[in-house]
Amino acid sequence: MRLVNTRYVKEGSVLARPVINSSGRILLQTGVRVTASYIERLIAMGYDVLFIEDDRLEDVEFHMSITGQTREVAYKTIKNVSRYIESGQESTLVVADVRSSVQQMINDLLSSTDILGNLTDILGYDDYTFHHSINTTIIGLVLGIASGFSEQKLIEFGMGILMHDIGKILIPENILNKKTPLTEEEFEEIKRHTIDGFNILRKNNDFGLLSAHIAFQHQEKWDGTGYPRGLKGNEIHEYARLAAVADVYEALTSKRVYRKALEPNAAYEYIVSQSNTHFCPQTLEIFKKHIAVYPSGSGILLSNGQRGNVVKQNPAFPNRPFVRVFYENEEELDSPVDYNLAECPSLMVIAVDNR
């Protein structure tokens, strides 16, 4: 199984993983042979990559970070919360549904055998706000698990991060999805989503105050230049520090109608570069150890001119995975070559190449 840019997928290729939409509904099942019309339609819907069967990579295992059913439950939960808010009934939110949805996500992640390499979910760009909230929660919970949070803390944290952008429900869509630069007035409108989200959540006595503070604080920065209150350093709650990293990483790696997504390695490098400015250094140490730079199955180009795919992760060295190469200077090798990049200091991944 390998990750292939949709534009390079050949007609007749077999899907190794289902294609799902942001609500968790399966569009194409595993095992489907893709046709030219499928490929054309998926490109139009914003699907940049697909997982394709490849006999040379049969040992690459990839499980969804959360099940399609769990994603669908989370999606419906956020949708229902949004309806309550839009109808002015935010004080009657069904908090039990939010808690149950987060519990399902935690259960899926804790039962995963390879959280590190399994955060690549293939999605288009429909319903971005909901898709972003779910994926940010997944990434945040991975960081929370790595931080040693108890189950109760994970639930409290997960509920807050799932609702972290709920204040955006009150922002006009023409501002949220604007393709040109925001005016100063429009950016001020965007910034209000932190305050609005906090106020919405704290009106409900069943929603914990610390959970609500994630909506309030997730745009604060370690150096004090964030918003809405310009909090600095340890003034920012631990939950919000983790949420900030998850929020930015997910946003960078997601395609929007008005911009391309960054490859995971480029987003990773950007996040790490913001230590002590945007992000807490201790939080980034957790991020660096538990988020794969090159997800399993992704294509890579090495510094020696060889090209192949990531076979599995190196938990001790997330930026040095196990890889299998098939080409050298575009010529196919007589037989594949496997490398543990942790044991090959002279070899570097110089590009992501999902052909």
# chains A, B, ... in the order shown; residues from 1 in each chain; ligands from 1

$ select_by_dssp --residues "range 276-308 of chain A" --states "alpha helix (DSSP H)" --output "VMD selection string"
chain A and resid 281 to 290

$ residues_around --residues "Thr136 in chain A" --least-positions-apart "6" --cutoff "8 Å" --atoms "only C-alpha atoms" --output "mmCIF file with C-alpha atoms, in the first residue's frame"
data_model
loop_
_atom_site.group_PDB
_atom_site.id
_atom_site.type_symbol
_atom_site.label_atom_id
_atom_site.label_comp_id
_atom_site.auth_asym_id
_atom_site.auth_seq_id
_atom_site.Cartn_x
_atom_site.Cartn_y
_atom_site.Cartn_z
ATOM 1 C CA ILE A 161 -10.768 20.884 21.609
ATOM 2 C CA LEU A 162 -13.697 19.387 19.668
ATOM 3 C CA ALA A 243 -4.616 22.671 21.339
ATOM 4 C CA ALA A 246 -2.774 20.653 17.033
ATOM 5 C CA ASP A 247 -4.852 23.497 15.569
ATOM 6 C CA GLU A 250 -4.038 20.463 11.151
#

$ closest_residue --among "A:Leu109, A:Met64, A:Leu262, A:Ile300" --to "Arg355 in chain A" --atoms "only C-alpha atoms"
A:Ile300

$ select_by_dssp --residues "range 155-352 of chain A" --states "strand (DSSP E)" --output "ChimeraX atom specification"
/A:299-302,306-312,322-328,331-340,349-352

$ residues_around --residues "range 344-347 of chain A" --least-positions-apart "4" --cutoff "8 Å" --atoms "only C-alpha atoms" --output "list of chain:residue names"
A:Leu302, A:Ser303, A:Asn304, A:Tyr339, A:Asn340

$ write_last_selection --atoms "N, CA, C and O atoms" --output "tab-separated table (two decimals), in the first residue's frame"
chain	number	residue	atom	x	y	z
A	302	LEU	N	15.31	10.31	-1.63
A	302	LEU	CA	16.47	10.36	-0.75
A	302	LEU	C	17.60	11.16	-1.39
A	302	LEU	O	17.64	11.37	-2.61
A	303	SER	N	18.55	11.57	-0.56
A	303	SER	CA	19.67	12.38	-1.00
A	303	SER	C	20.61	11.64	-1.95
A	303	SER	O	21.41	12.28	-2.65
A	304	ASN	N	20.52	10.30	-2.02
A	304	ASN	CA	21.35	9.54	-2.95
A	304	ASN	C	20.67	9.32	-4.30
A	304	ASN	O	21.15	8.56	-5.15
A	339	TYR	N	15.89	0.55	3.96
A	339	TYR	CA	16.78	1.32	4.83
A	339	TYR	C	16.04	1.64	6.13
A	339	TYR	O	14.86	1.99	6.12
A	340	ASN	N	16.77	1.52	7.23
A	340	ASN	CA	16.35	2.13	8.48
A	340	ASN	C	17.12	3.44	8.56
A	340	ASN	O	18.32	3.43	8.85

$ closest_atom_pairs --of "range 188-302 of chain A" --to "range 38-54 of chain A" --cutoff "10 Å" --atoms "only C-alpha atoms" --output "Markdown table"
| residue | atom | partner | partner_atom | distance |
| --- | --- | --- | --- | --- |
| A:Lys255 | CA | A:Gly46 | CA | 7.4 |
| A:Arg256 | CA | A:Gly46 | CA | 8.3 |
| A:Val257 | CA | A:Gly46 | CA | 8.1 |
| A:Lys260 | CA | A:Asp48 | CA | 9.5 |
| A:Ala261 | CA | A:Asp48 | CA | 9.1 |
| A:Gly297 | CA | A:Phe51 | CA | 7.8 |
| A:Ser298 | CA | A:Phe51 | CA | 9.0 |

$ write_last_selection --atoms "C-alpha atoms" --output "CSV table (one decimal), in the first residue's frame"
chain,number,residue,atom,x,y,z
A,255,LYS,CA,-6.4,21.8,1.7
A,256,ARG,CA,-8.7,24.8,1.5
A,257,VAL,CA,-10.6,26.1,-1.6
A,260,LYS,CA,-3.0,24.1,-1.1
A,261,ALA,CA,-2.1,22.0,1.9
A,297,GLY,CA,3.0,4.7,2.9
A,298,SER,CA,4.1,8.2,1.7

$ residues_around --residues "Ser133 in chain A" --least-positions-apart "5" --cutoff "12 Å" --atoms "only C-alpha atoms" --output "ChimeraX atom specification"
/A:22-23,71,74-75,77-79,102,127-128,138-140,158-168,215,243,246-248,250-251,254

$ closest_residue --among "A:Leu201, A:Cys280, A:Ile145, A:Val32" --to "Asn234 in chain A" --atoms "only C-alpha atoms"
A:Cys280
